[in-house]
file data_10.tsv (TSV, C-alpha atoms)
chain	number	residue	atom	x	y	z
A	1	MET	CA	34.26	-24.00	4.36
A	2	ASN	CA	32.48	-27.32	4.93
A	3	ARG	CA	31.28	-27.36	8.52
A	4	ARG	CA	29.58	-30.28	10.22
A	5	VAL	CA	25.92	-29.76	11.08
A	6	ALA	CA	24.27	-31.03	14.27
A	7	ILE	CA	20.57	-31.52	14.99
A	8	THR	CA	19.96	-30.17	18.48
A	9	GLY	CA	16.19	-29.70	18.64
A	10	ILE	CA	13.05	-31.26	17.18
A	11	GLY	CA	9.37	-30.40	17.31
A	12	CYS	CA	6.27	-31.47	15.46
A	13	VAL	CA	2.49	-31.53	15.41
A	14	THR	CA	0.98	-34.41	13.44
A	15	PRO	CA	-2.18	-36.50	13.14
A	16	ILE	CA	-0.54	-39.01	15.51
A	17	GLY	CA	0.83	-36.62	18.12
A	18	ASN	CA	0.83	-33.09	19.47
A	19	ASP	CA	4.58	-33.15	19.95
A	20	ALA	CA	7.64	-35.09	18.82
A	21	ALA	CA	7.59	-37.58	21.69
A	22	GLU	CA	3.94	-38.55	21.19
A	23	THR	CA	4.34	-38.69	17.41
A	24	TRP	CA	7.37	-40.97	17.70
A	25	ARG	CA	5.74	-43.22	20.31
A	26	ASN	CA	2.67	-43.72	18.13
A	27	ALA	CA	4.73	-44.21	14.97
A	28	ALA	CA	6.86	-46.86	16.66
A	29	ASN	CA	3.69	-48.60	17.86
A	30	GLY	CA	1.98	-48.50	14.48
A	31	VAL	CA	-0.81	-46.14	15.51
A	32	ALA	CA	-2.49	-44.48	12.53
A	33	GLY	CA	-4.12	-41.04	12.60
A	34	ILE	CA	-6.29	-41.44	9.51
A	35	ARG	CA	-9.99	-40.79	10.08
A	36	ARG	CA	-13.22	-40.49	8.11
A	37	LEU	CA	-14.37	-36.89	7.68
A	38	ASN	CA	-18.07	-36.40	8.33
A	39	ASP	CA	-18.51	-32.76	7.41
A	40	GLU	CA	-19.02	-30.39	4.46
A	41	ARG	CA	-15.38	-30.67	3.35
A	42	THR	CA	-16.14	-33.95	1.58
A	43	ASP	CA	-19.71	-33.27	0.42
A	44	GLY	CA	-20.06	-34.40	-3.18
A	45	LEU	CA	-16.47	-35.67	-3.30
A	46	PRO	CA	-15.31	-39.25	-3.82
A	47	VAL	CA	-12.81	-38.72	-0.98
A	48	LYS	CA	-13.85	-39.33	2.62
A	49	LEU	CA	-10.58	-39.89	4.52
A	50	ALA	CA	-8.02	-37.45	5.91
A	51	ALA	CA	-5.42	-37.26	8.66
A	52	VAL	CA	-5.92	-34.19	10.85
A	53	ALA	CA	-4.23	-32.96	14.01
A	54	SER	CA	-7.51	-33.10	15.89
A	55	GLU	CA	-6.01	-32.40	19.34
A	56	PHE	CA	-4.06	-29.33	18.24
A	57	ASP	CA	-4.97	-26.09	20.02
A	58	PRO	CA	-3.10	-22.99	18.77
A	59	LEU	CA	-3.92	-21.12	21.99
A	60	ARG	CA	-1.40	-23.28	23.81
A	61	THR	CA	1.39	-21.45	21.99
A	62	MET	CA	-0.01	-18.06	20.98
A	63	GLU	CA	-2.45	-15.38	22.04
A	64	ALA	CA	-5.95	-15.45	20.61
A	65	LYS	CA	-5.33	-12.29	18.56
A	66	GLU	CA	-2.25	-13.78	16.90
A	67	ALA	CA	-4.11	-17.04	16.26
A	68	ARG	CA	-6.96	-15.18	14.52
A	69	ARG	CA	-4.43	-13.49	12.24
A	70	SER	CA	-2.58	-16.70	11.36
A	71	ASP	CA	-3.64	-19.44	8.99
A	72	ARG	CA	-3.67	-22.93	10.44
A	73	PHE	CA	-0.46	-23.89	8.60
A	74	ALA	CA	1.39	-21.03	10.35
A	75	GLN	CA	-0.16	-21.96	13.70
A	76	LEU	CA	1.18	-25.48	13.28
A	77	ALA	CA	4.61	-24.15	12.28
A	78	ILE	CA	4.85	-21.92	15.34
A	79	ALA	CA	3.86	-24.74	17.70
A	80	ALA	CA	6.46	-27.09	16.19
A	81	ALA	CA	9.14	-24.38	16.21
A	82	ASP	CA	8.39	-23.56	19.85
A	83	GLU	CA	8.91	-27.17	20.81
A	84	ALA	CA	12.11	-27.48	18.77
A	85	MET	CA	13.60	-24.35	20.30
A	86	ARG	CA	12.73	-25.39	23.85
A	87	ASP	CA	14.16	-28.82	23.12
A	88	SER	CA	17.41	-27.39	21.79
A	89	GLY	CA	17.98	-24.84	24.55
A	90	LEU	CA	18.91	-22.33	21.85
A	91	THR	CA	18.04	-18.73	22.75
A	92	VAL	CA	18.46	-16.13	20.03
A	93	GLY	CA	20.36	-13.17	21.44
A	94	ASP	CA	21.70	-15.20	24.36
A	95	ASN	CA	23.58	-18.23	23.12
A	96	SER	CA	23.00	-17.54	19.40
A	97	ASP	CA	23.76	-14.39	17.39
A	98	PRO	CA	20.47	-13.06	15.91
A	99	LEU	CA	22.27	-12.07	12.69
A	100	ARG	CA	23.63	-15.61	12.26
A	101	THR	CA	20.43	-17.43	13.23
A	102	GLY	CA	18.01	-18.05	10.38
A	103	VAL	CA	14.70	-19.66	9.51
A	104	TRP	CA	13.83	-21.80	6.48
A	105	VAL	CA	10.29	-23.16	6.49
A	106	GLY	CA	8.65	-24.72	3.46
A	107	SER	CA	5.00	-25.13	2.50
A	108	GLY	CA	3.41	-26.54	-0.59
A	109	VAL	CA	0.08	-24.70	-0.58
A	110	GLY	CA	0.48	-22.16	2.24
A	111	GLY	CA	-2.69	-20.72	3.75
A	112	ILE	CA	-5.17	-22.46	1.50
A	113	ILE	CA	-7.87	-22.46	4.21
A	114	THR	CA	-7.66	-18.66	4.42
A	115	PHE	CA	-7.60	-18.37	0.63
A	116	GLU	CA	-10.74	-20.50	0.35
A	117	ALA	CA	-12.56	-18.41	2.95
A	118	GLY	CA	-11.43	-15.13	1.34
A	119	MET	CA	-12.68	-16.20	-2.08
A	120	ALA	CA	-16.03	-17.16	-0.59
A	121	ASP	CA	-16.34	-13.75	1.08
A	122	ALA	CA	-15.41	-11.92	-2.11
A	123	LEU	CA	-17.87	-13.87	-4.26
A	124	ARG	CA	-20.75	-13.60	-1.83
A	125	HIS	CA	-20.33	-10.11	-0.43
A	126	GLY	CA	-17.80	-8.20	-2.56
A	127	TYR	CA	-14.09	-7.55	-2.25
A	128	ASP	CA	-14.50	-5.04	0.59
A	129	ARG	CA	-15.54	-7.89	2.88
A	130	VAL	CA	-12.20	-9.66	2.43
A	131	SER	CA	-10.06	-9.39	5.56
A	132	PRO	CA	-6.99	-7.12	5.32
A	133	PHE	CA	-5.14	-9.95	7.05
A	134	ALA	CA	-6.02	-12.47	4.32
A	135	LEU	CA	-2.92	-11.86	2.18
A	136	PRO	CA	-0.36	-12.14	5.01
A	137	MET	CA	-2.22	-15.23	6.19
A	138	PHE	CA	-2.20	-17.23	2.97
A	139	LEU	CA	1.24	-16.40	1.53
A	140	PRO	CA	3.41	-19.55	1.82
A	141	ASN	CA	6.36	-17.61	3.28
A	142	MET	CA	4.37	-16.42	6.29
A	143	ALA	CA	5.17	-19.45	8.44
A	144	ALA	CA	8.87	-18.66	8.09
A	145	SER	CA	8.21	-14.99	8.72
A	146	ARG	CA	6.19	-15.59	11.88
A	147	VAL	CA	8.73	-18.05	13.27
A	148	ALA	CA	11.56	-15.55	12.65
A	149	ILE	CA	9.60	-12.74	14.31
A	150	ARG	CA	8.72	-14.94	17.26
A	151	PHE	CA	12.33	-15.75	18.06
A	152	GLY	CA	14.04	-12.60	16.79
A	153	ALA	CA	16.03	-14.50	14.16
A	154	ARG	CA	17.53	-11.99	11.71
A	155	GLY	CA	19.71	-14.22	9.56
A	156	ILE	CA	18.68	-16.01	6.36
A	157	THR	CA	14.86	-16.27	6.34
A	158	ALA	CA	13.33	-18.15	3.44
A	159	CYS	CA	10.54	-20.40	2.24
A	160	THR	CA	10.82	-23.23	-0.26
A	161	ALA	CA	7.56	-24.05	-2.05
A	162	THR	CA	8.23	-27.23	-3.99
A	163	ALA	CA	5.06	-29.19	-3.27
A	164	CYS	CA	5.76	-32.35	-1.25
A	165	ALA	CA	9.52	-31.70	-1.24
A	166	SER	CA	9.16	-28.31	0.50
A	167	GLY	CA	10.06	-29.47	4.00
A	168	SER	CA	13.01	-31.61	2.97
A	169	GLN	CA	14.43	-28.97	0.65
A	170	SER	CA	14.07	-26.32	3.37
A	171	ILE	CA	16.08	-28.51	5.75
A	172	GLY	CA	18.62	-29.23	3.03
A	173	GLU	CA	19.10	-25.58	2.08
A	174	ALA	CA	19.39	-24.57	5.74
A	175	PHE	CA	22.01	-27.31	6.13
A	176	ARG	CA	23.96	-25.88	3.19
A	177	ALA	CA	23.77	-22.35	4.64
A	178	ILE	CA	25.39	-23.53	7.88
A	179	ARG	CA	27.94	-25.69	6.13
A	180	ARG	CA	29.00	-22.76	3.93
A	181	GLY	CA	29.42	-20.54	6.99
A	182	GLU	CA	26.50	-18.21	6.24
A	183	ALA	CA	24.72	-19.10	9.50
A	184	ASP	CA	25.51	-20.72	12.83
A	185	ALA	CA	21.98	-21.95	13.55
A	186	MET	CA	18.80	-22.46	11.54
A	187	ILE	CA	15.21	-23.34	12.42
A	188	ALA	CA	14.15	-25.45	9.45
A	189	GLY	CA	11.21	-27.60	8.41
A	190	GLY	CA	7.80	-27.53	6.81
A	191	ALA	CA	4.15	-26.86	7.63
A	192	GLU	CA	0.89	-27.64	5.87
A	193	ALA	CA	-2.84	-27.45	6.56
A	194	PRO	CA	-4.52	-28.40	3.26
A	195	VAL	CA	-7.54	-30.34	4.54
A	196	CYS	CA	-10.28	-28.08	3.24
A	197	ARG	CA	-12.78	-28.37	0.44
A	198	ILE	CA	-10.63	-26.88	-2.33
A	199	GLY	CA	-7.58	-28.81	-1.15
A	200	LEU	CA	-9.39	-32.14	-1.18
A	201	ALA	CA	-11.30	-31.37	-4.40
A	202	SER	CA	-8.13	-30.39	-6.28
A	203	PHE	CA	-6.25	-33.57	-5.48
A	204	ALA	CA	-9.39	-35.68	-5.97
A	205	ALA	CA	-9.78	-34.21	-9.46
A	206	MET	CA	-6.27	-35.48	-10.24
A	207	ARG	CA	-7.28	-38.90	-8.92
A	208	ALA	CA	-4.35	-38.77	-6.54
A	209	LEU	CA	-6.34	-39.49	-3.35
A	210	SER	CA	-7.62	-42.80	-2.03
A	211	THR	CA	-11.36	-43.27	-2.42
A	212	GLN	CA	-11.59	-45.83	0.38
A	213	THR	CA	-13.99	-45.20	3.25
A	214	ASP	CA	-12.35	-47.49	5.79
A	215	PRO	CA	-9.37	-45.74	7.44
A	216	ALA	CA	-7.48	-49.03	7.59
A	217	GLN	CA	-7.75	-49.34	3.81
A	218	GLY	CA	-6.83	-45.77	2.90
A	219	SER	CA	-3.07	-45.35	3.11
A	220	ARG	CA	-1.33	-48.65	2.39
A	221	PRO	CA	2.03	-47.93	0.78
A	222	PHE	CA	3.62	-50.69	-1.32
A	223	ASP	CA	0.50	-52.87	-0.97
A	224	LYS	CA	-0.92	-54.38	-4.15
A	225	LYS	CA	-4.33	-52.73	-3.61
A	226	ARG	CA	-3.11	-49.20	-2.87
A	227	ASP	CA	-5.25	-46.63	-4.66
A	228	GLY	CA	-3.95	-43.20	-3.69
A	229	PHE	CA	-2.75	-41.16	-0.76
A	230	VAL	CA	-4.64	-39.78	2.23
A	231	MET	CA	-4.16	-36.04	2.74
A	232	GLY	CA	-2.95	-34.87	6.13
A	233	GLU	CA	-1.88	-31.76	8.03
A	234	GLY	CA	0.97	-30.99	10.39
A	235	ALA	CA	4.36	-29.39	10.87
A	236	GLY	CA	7.88	-30.51	11.65
A	237	MET	CA	10.81	-28.32	12.73
A	238	LEU	CA	14.47	-29.03	13.41
A	239	VAL	CA	17.08	-26.81	15.01
A	240	LEU	CA	20.29	-27.19	13.02
A	241	GLU	CA	23.60	-25.85	14.31
A	242	ALA	CA	27.19	-25.76	13.25
A	243	TRP	CA	28.83	-28.59	15.16
A	244	GLU	CA	31.30	-26.33	16.96
A	245	HIS	CA	28.48	-23.93	17.89
A	246	ALA	CA	26.46	-26.74	19.45
A	247	LYS	CA	29.47	-28.16	21.30
A	248	ALA	CA	30.49	-24.74	22.62
A	249	ARG	CA	27.16	-24.35	24.39
A	250	ARG	CA	27.12	-28.02	25.47
A	251	ALA	CA	23.95	-28.78	23.54
A	252	ARG	CA	22.53	-32.27	23.35
A	253	ILE	CA	22.98	-33.58	19.81
A	254	TYR	CA	20.39	-35.97	18.37
A	255	ALA	CA	22.25	-36.78	15.18
A	256	GLU	CA	24.37	-35.28	12.45
A	257	LEU	CA	22.89	-34.15	9.16
A	258	LEU	CA	25.45	-35.63	6.79
A	259	GLY	CA	24.20	-35.06	3.28
A	260	TYR	CA	21.55	-33.58	1.02
A	261	GLY	CA	20.73	-34.39	-2.57
A	262	SER	CA	18.41	-32.28	-4.69
A	263	GLY	CA	17.44	-32.89	-8.28
A	264	GLY	CA	14.76	-32.35	-10.90
A	265	GLU	CA	13.08	-34.54	-13.48
A	266	GLY	CA	11.94	-32.29	-16.31
A	267	HIS	CA	9.44	-34.98	-17.17
A	268	HIS	CA	5.83	-34.51	-16.02
A	269	ILE	CA	3.88	-32.31	-13.58
A	270	ALA	CA	2.53	-35.25	-11.57
A	271	ALA	CA	4.07	-38.55	-12.67
A	272	PRO	CA	7.63	-39.76	-12.05
A	273	ARG	CA	9.75	-41.45	-14.65
A	274	ALA	CA	8.60	-45.04	-14.44
A	275	ASP	CA	12.12	-46.42	-14.03
A	276	GLY	CA	12.84	-44.14	-11.04
A	277	SER	CA	16.15	-43.08	-12.62
A	278	ASP	CA	15.96	-39.44	-11.50
A	279	TRP	CA	15.11	-40.51	-7.98
A	280	ALA	CA	18.03	-42.93	-7.95
A	281	ARG	CA	20.30	-40.12	-9.12
A	282	THR	CA	19.14	-37.88	-6.25
A	283	ILE	CA	19.76	-40.70	-3.76
A	284	GLY	CA	23.27	-41.00	-5.20
A	285	LEU	CA	23.86	-37.26	-4.84
A	286	ALA	CA	22.84	-37.37	-1.17
A	287	LEU	CA	25.16	-40.30	-0.48
A	288	GLU	CA	28.01	-38.57	-2.26
A	289	ASP	CA	27.39	-35.39	-0.30
A	290	ALA	CA	27.42	-37.39	2.94
A	291	GLY	CA	30.61	-39.20	1.97
A	292	LEU	CA	28.92	-42.57	2.48
A	293	SER	CA	28.45	-45.73	0.46
A	294	CYS	CA	25.01	-47.29	0.18
A	295	GLY	CA	26.20	-49.99	2.56
A	296	SER	CA	26.19	-47.48	5.41
A	297	ILE	CA	22.43	-46.90	5.23
A	298	GLY	CA	20.38	-49.18	7.47
A	299	TYR	CA	17.00	-47.47	7.14
A	300	ILE	CA	15.15	-45.53	4.45
A	301	ASN	CA	12.08	-43.52	5.37
A	302	ALA	CA	10.47	-43.79	1.95
A	303	HIS	CA	8.34	-41.19	0.24
A	304	GLY	CA	5.87	-44.09	-0.02
A	305	THR	CA	2.68	-42.23	-0.88
A	306	SER	CA	0.45	-45.28	-1.50
A	307	THR	CA	-0.11	-44.32	-5.13
A	308	PRO	CA	0.44	-46.95	-7.82
A	309	LEU	CA	3.05	-44.88	-9.70
A	310	ASN	CA	5.06	-43.58	-6.73
A	311	ASP	CA	5.60	-46.82	-4.87
A	312	ALA	CA	6.67	-48.73	-7.97
A	313	ALA	CA	9.06	-45.99	-9.13
A	314	GLU	CA	10.55	-45.57	-5.66
A	315	THR	CA	11.17	-49.28	-5.34
A	316	ARG	CA	12.96	-49.24	-8.69
A	317	ALA	CA	14.95	-46.18	-7.63
A	318	ILE	CA	16.14	-47.83	-4.41
A	319	LYS	CA	17.14	-50.96	-6.34
A	320	ALA	CA	19.00	-48.88	-8.93
A	321	ALA	CA	20.84	-46.83	-6.30
A	322	PHE	CA	21.61	-49.64	-3.86
A	323	GLY	CA	21.99	-52.62	-6.16
A	324	SER	CA	21.89	-55.96	-4.33
A	325	ARG	CA	22.24	-54.05	-1.06
A	326	ALA	CA	18.63	-52.85	-1.51
A	327	TYR	CA	17.36	-56.07	0.03
A	328	ASP	CA	19.41	-55.53	3.22
A	329	VAL	CA	17.97	-52.08	3.97
A	330	SER	CA	14.92	-51.61	6.19
A	331	VAL	CA	12.39	-49.45	4.33
A	332	SER	CA	9.13	-48.03	5.65
A	333	SER	CA	6.55	-45.41	4.82
A	334	THR	CA	5.30	-43.58	7.89
A	335	LYS	CA	2.67	-41.94	5.66
A	336	SER	CA	0.71	-45.12	6.32
A	337	MET	CA	0.16	-43.62	9.81
A	338	THR	CA	0.41	-39.84	9.39
A	339	GLY	CA	-1.15	-39.57	5.96
A	340	HIS	CA	0.58	-37.39	3.39
A	341	LEU	CA	1.41	-34.03	4.97
A	342	LEU	CA	2.44	-32.50	1.61
A	343	GLY	CA	5.02	-29.75	2.29
A	344	ALA	CA	5.39	-30.84	5.93
A	345	SER	CA	5.92	-34.51	5.14
A	346	GLY	CA	9.67	-34.39	4.56
A	347	ALA	CA	10.26	-32.47	7.79
A	348	VAL	CA	8.20	-34.83	9.94
A	349	GLU	CA	9.80	-37.83	8.27
A	350	ALA	CA	13.25	-36.35	8.90
A	351	ILE	CA	12.40	-36.22	12.60
A	352	LEU	CA	11.17	-39.82	12.56
A	353	SER	CA	14.39	-40.87	10.81
A	354	VAL	CA	16.49	-39.12	13.46
A	355	LEU	CA	14.55	-40.80	16.28
A	356	ALA	CA	14.87	-44.17	14.55
A	357	LEU	CA	18.64	-43.63	14.65
A	358	ARG	CA	18.58	-42.60	18.28
A	359	ASP	CA	16.48	-45.50	19.54
A	360	GLY	CA	17.47	-48.23	17.09
A	361	ILE	CA	13.86	-48.79	16.03
A	362	VAL	CA	12.56	-48.95	12.47
A	363	PRO	CA	8.93	-47.72	12.39
A	364	PRO	CA	6.52	-49.83	10.37
A	365	THR	CA	4.51	-49.54	7.20
A	366	VAL	CA	1.04	-50.30	8.53
A	367	ASN	CA	-1.94	-51.59	6.52
A	368	TYR	CA	0.43	-53.71	4.42
A	369	ARG	CA	-1.34	-56.93	3.48
A	370	GLU	CA	-0.62	-58.12	-0.03
A	371	PRO	CA	2.73	-57.88	-1.86
A	372	GLU	CA	2.95	-57.00	-5.53
A	373	GLY	CA	5.47	-58.54	-7.91
A	374	GLU	CA	8.60	-56.40	-8.14
A	375	LEU	CA	7.69	-54.46	-4.99
A	376	ASP	CA	9.67	-56.93	-2.94
A	377	LEU	CA	11.89	-54.91	-0.62
A	378	ASP	CA	11.77	-55.10	3.17
A	379	TYR	CA	8.99	-52.57	3.83
A	380	THR	CA	8.87	-53.35	7.59
A	381	PRO	CA	5.25	-54.53	7.36
A	382	ASN	CA	2.83	-53.70	10.18
A	383	ALA	CA	5.20	-53.85	13.15
A	384	ALA	CA	8.29	-51.90	14.17
A	385	ARG	CA	11.60	-53.73	14.27
A	386	PRO	CA	14.69	-53.17	16.43
A	387	ARG	CA	17.80	-52.45	14.41
A	388	ARG	CA	20.96	-50.65	15.38
A	389	LEU	CA	21.50	-47.98	12.75
A	390	ALA	CA	24.61	-46.01	11.83
A	391	ALA	CA	22.90	-43.89	9.17
A	392	ALA	CA	19.40	-43.30	7.82
A	393	MET	CA	17.94	-41.72	4.70
A	394	SER	CA	14.70	-39.84	4.11
A	395	ASN	CA	13.29	-39.62	0.56
A	396	THR	CA	10.93	-36.94	-0.74
A	397	PHE	CA	9.72	-36.76	-4.34
A	398	ALA	CA	7.20	-34.09	-5.33
A	399	PHE	CA	4.70	-33.11	-7.99
A	400	GLY	CA	6.53	-31.07	-10.58
A	401	GLY	CA	9.63	-33.26	-10.44
A	402	HIS	CA	11.24	-31.76	-7.31
A	403	ASN	CA	13.35	-34.41	-5.58
A	404	ALA	CA	15.13	-34.22	-2.20
A	405	VAL	CA	16.98	-36.79	-0.13
A	406	LEU	CA	18.46	-36.25	3.34
A	407	VAL	CA	21.05	-38.48	5.05
A	408	PHE	CA	21.51	-38.57	8.84
A	409	GLY	CA	24.19	-40.20	10.96
A	410	ARG	CA	24.38	-41.21	14.62

call {"tool": "encode", "arguments": {"input": "data_10.tsv", "output": "structure tokens"}}
result
Amino acid sequence: MNRRVAITGIGCVTPIGNDAAETWRNAANGVAGIRRLNDERTDGLPVKLAAVASEFDPLRTMEAKEARRSDRFAQLAIAAADEAMRDSGLTVGDNSDPLRTGVWVGSGVGGIITFEAGMADALRHGYDRVSPFALPMFLPNMAASRVAIRFGARGITACTATACASGSQSIGEAFRAIRRGEADAMIAGGAEAPVCRIGLASFAAMRALSTQTDPAQGSRPFDKKRDGFVMGEGAGMLVLEAWEHAKARRARIYAELLGYGSGGEGHHIAAPRADGSDWARTIGLALEDAGLSCGSIGYINAHGTSTPLNDAAETRAIKAAFGSRAYDVSVSSTKSMTGHLLGASGAVEAILSVLALRDGIVPPTVNYREPEGELDLDYTPNAARPRRLAAAMSNTFAFGGHNAVLVFGR
């Protein structure tokens, strides 16, 4: 069995929007959500910038009791899933069989805010002061669990924890489950809320984060003076359905998920192969899975983290996979606006890729000022560009060598 897979619902909460429509509008207009933090989270750290969903209020989607017993990453996941389900018109138990409706939600670090608070309580006051809800709040799979409980989904329920590739791989594995006939519908995506002291300190210790203090200088993918990524929080969810299932209930279809490539590097815990060869191979696997040639892709939402190693390796990977066609493709990194949402990044960027297809608009790479040598592709600098697109690609490459590429078609 090799069923077609439709995208019928989208939802997200990001530093540039409380829902998918606002996030897309701001992305298309080049609005960045990166801000300077002026609180204890950055005390003594060389990092001062982050991208937070400052307007997010969990009480809009859940009762206060549930909110207290949910880490922020799960709160974000539930809000995004609520929007995606409303958008899709899918109702588990009504127009979707609960046993054939699943959930696959990824997270890189899970409930790290809860973990940090629990450790502080244990060290200061003893283990008996740790909340009994701490464990089910910080486990990475709890976003998937809470989403499944919320909607009564009893099919495949899983969590992929592959750092920055978590969201993309969750969407890809949900896609495969539908295509194989194991599910008719899946709620899939990623959620992350890592902007806390231990989250910032850990990445700062690796020298992965930008040390700029001006938000306009922080996340500048593919720019010569890029110096690291800006950490962000958010969630993105898609409702995926077997094509015939979506058509039978007359659902609106945003796009078709055509292909998914997943690969590993076996090279280094934090650095890619400099030539980008493993990334190019994963791009090739996604194209093969989609049944497309590289000439069909008009837009690539790049991983584009604004780190010196990533942006150079990704440029080389695109050139290796696309050959001379690489210069005809519109490329952009929306992390220049949202910051790096870690395990949620691939899911949010999948949504932005789908909306780029729908509207024929390539979102920009903002803060791009100075080119660097071989980094000479069309990065859509600073302003969105109209372009009719037949197919789009979203790249995600993670610490640990976890690589995922998704391909979408109109």

call {"tool": "residues_around", "arguments": {"input": "data_10.tsv", "residues": "Leu352 in chain A", "least_positions_apart": "2", "cutoff": "9 Å", "atoms": "all atoms listed in the file", "output": "PDB file with C-alpha atoms, in the coordinates of the input"}}
result
ATOM      1  CA  ALA A  20       7.640 -35.090  18.820  1.00  0.00           C
ATOM      2  CA  THR A  23       4.340 -38.690  17.410  1.00  0.00           C
ATOM      3  CA  TRP A  24       7.370 -40.970  17.700  1.00  0.00           C
ATOM      4  CA  ALA A  27       4.730 -44.210  14.970  1.00  0.00           C
ATOM      5  CA  ASN A 301      12.080 -43.520   5.370  1.00  0.00           C
ATOM      6  CA  THR A 334       5.300 -43.580   7.890  1.00  0.00           C
ATOM      7  CA  ALA A 347      10.260 -32.470   7.790  1.00  0.00           C
ATOM      8  CA  VAL A 348       8.200 -34.830   9.940  1.00  0.00           C
ATOM      9  CA  GLU A 349       9.800 -37.830   8.270  1.00  0.00           C
ATOM     10  CA  ALA A 350      13.250 -36.350   8.900  1.00  0.00           C
ATOM     11  CA  VAL A 354      16.490 -39.120  13.460  1.00  0.00           C
ATOM     12  CA  LEU A 355      14.550 -40.800  16.280  1.00  0.00           C
ATOM     13  CA  ALA A 356      14.870 -44.170  14.550  1.00  0.00           C
ATOM     14  CA  LEU A 357      18.640 -43.630  14.650  1.00  0.00           C
ATOM     15  CA  PRO A 363       8.930 -47.720  12.390  1.00  0.00           C
TER      16      PRO A 363
END

call {"tool": "atom_distance", "arguments": {"input": "data_10.tsv", "atom1": "CA of Leu37 in chain A", "atom2": "CA of Ser168 in chain A"}}
result
28.3 Å

call {"tool": "closest_residue", "arguments": {"input": "data_10.tsv", "among": "A:Ala398, A:Ala208, A:Ala51, A:Cys12", "to": "Thr307 in chain A", "atoms": "only C-alpha atoms"}}
result
A:Ala208

call {"tool": "residues_around", "arguments": {"input": "data_10.tsv", "residues": "Asn403 in chain A", "least_positions_apart": "5", "cutoff": "12 Å", "atoms": "all atoms listed in the file", "output": "VMD selection string"}}
result
chain A and resid 162 to 169 172 260 to 266 272 276 to 286 303 314 346 394 to 398

call {"tool": "closest_residue", "arguments": {"input": "data_10.tsv", "among": "A:Ala384, A:Val92, A:Ala161, A:Ala67", "to": "Phe133 in chain A", "atoms": "only C-alpha atoms"}}
result
A:Ala67

call {"tool": "atom_distance", "arguments": {"input": "data_10.tsv", "atom1": "CA of Arg41 in chain A", "atom2": "CA of Arg220 in chain A"}}
result
22.8 Å

call {"tool": "atom_distance", "arguments": {"input": "data_10.tsv", "atom1": "CA of Ala326 in chain A", "atom2": "CA of Ile269 in chain A"}}
result
28.0 Å

call {"tool": "closest_residue", "arguments": {"input": "data_10.tsv", "among": "A:Leu406, A:Val362, A:Ile34, A:Ala270", "to": "Arg385 in chain A", "atoms": "all atoms listed in the file"}}
result
A:Val362

call {"tool": "axis_aligned_box", "arguments": {"input": "data_10.tsv", "around": "range 103-120 of chain A", "padding_each_side": "6 Å", "output": "AutoDock Vina command-line options"}}
result
--center_x -0.7 --center_y -20.8 --center_z 3.7 --size_x 42.7 --size_y 23.4 --size_z 23.6

call {"tool": "residues_around", "arguments": {"input": "data_10.tsv", "residues": "Arg60 in chain A", "least_positions_apart": "5", "cutoff": "12 Å", "atoms": "all atoms listed in the file", "output": "CSV table (one decimal) with C-alpha atoms, in the coordinates of the input"}}
result
chain,number,residue,atom,x,y,z
A,18,ASN,CA,0.8,-33.1,19.5
A,55,GLU,CA,-6.0,-32.4,19.3
A,66,GLU,CA,-2.2,-13.8,16.9
A,67,ALA,CA,-4.1,-17.0,16.3
A,75,GLN,CA,-0.2,-22.0,13.7
A,76,LEU,CA,1.2,-25.5,13.3
A,78,ILE,CA,4.8,-21.9,15.3
A,79,ALA,CA,3.9,-24.7,17.7
A,80,ALA,CA,6.5,-27.1,16.2
A,82,ASP,CA,8.4,-23.6,19.8
A,83,GLU,CA,8.9,-27.2,20.8

call {"tool": "closest_residue", "arguments": {"input": "data_10.tsv", "among": "A:His268, A:Ala290, A:Gly323, A:Asp359", "to": "Gly401 in chain A", "atoms": "all atoms listed in the file"}}
result
A:His268

call {"tool": "residues_around", "arguments": {"input": "data_10.tsv", "residues": "Met1 in chain A", "least_positions_apart": "2", "cutoff": "9 Å", "atoms": "all atoms listed in the file", "output": "list in words"}}
result
Arg3, Arg179, Arg180 and Gly181 of chain A

call {"tool": "closest_residue", "arguments": {"input": "data_10.tsv", "among": "A:Ala321, A:Ile198, A:Ala158, A:Ala28", "to": "Thr42 in chain A", "atoms": "all atoms listed in the file"}}
result
A:Ile198

call {"tool": "residues_around", "arguments": {"input": "data_10.tsv", "residues": "range 110-125 of chain A", "least_positions_apart": "3", "cutoff": "8 Å", "atoms": "all atoms listed in the file", "output": "MDAnalysis selection string"}}
result
chainID A and resid 71:74 107 128:131 134 137:141 192:196 198:199

call {"tool": "residues_near_point", "arguments": {"input": "data_10.tsv", "point": "(0.3, -38.7, 1.1)", "cutoff": "6 Å", "atoms": "all atoms listed in the file", "output": "list of chain:residue names"}}
result
A:Phe229, A:Val230, A:Met231, A:Thr305, A:Gly339, A:His340

call {"tool": "decode", "arguments": {"input": "data_10.tsv", "residues": "range 307-318 of chain A", "atoms": "C-alpha atoms", "output": "tab-separated table (two decimals), in the first residue's frame"}}
result
chain	number	residue	atom	x	y	z
A	307	THR	CA	25.93	29.16	12.69
A	308	PRO	CA	29.16	29.24	10.67
A	309	LEU	CA	29.27	25.45	10.17
A	310	ASN	CA	25.58	24.81	9.39
A	311	ASP	CA	25.05	27.47	6.75
A	312	ALA	CA	28.20	26.58	4.84
A	313	ALA	CA	27.48	22.82	4.93
A	314	GLU	CA	23.85	23.31	3.92
A	315	THR	CA	24.82	25.48	0.98
A	316	ARG	CA	27.24	22.79	-0.17
A	317	ALA	CA	24.56	20.12	0.32
A	318	ILE	CA	22.03	22.01	-1.82
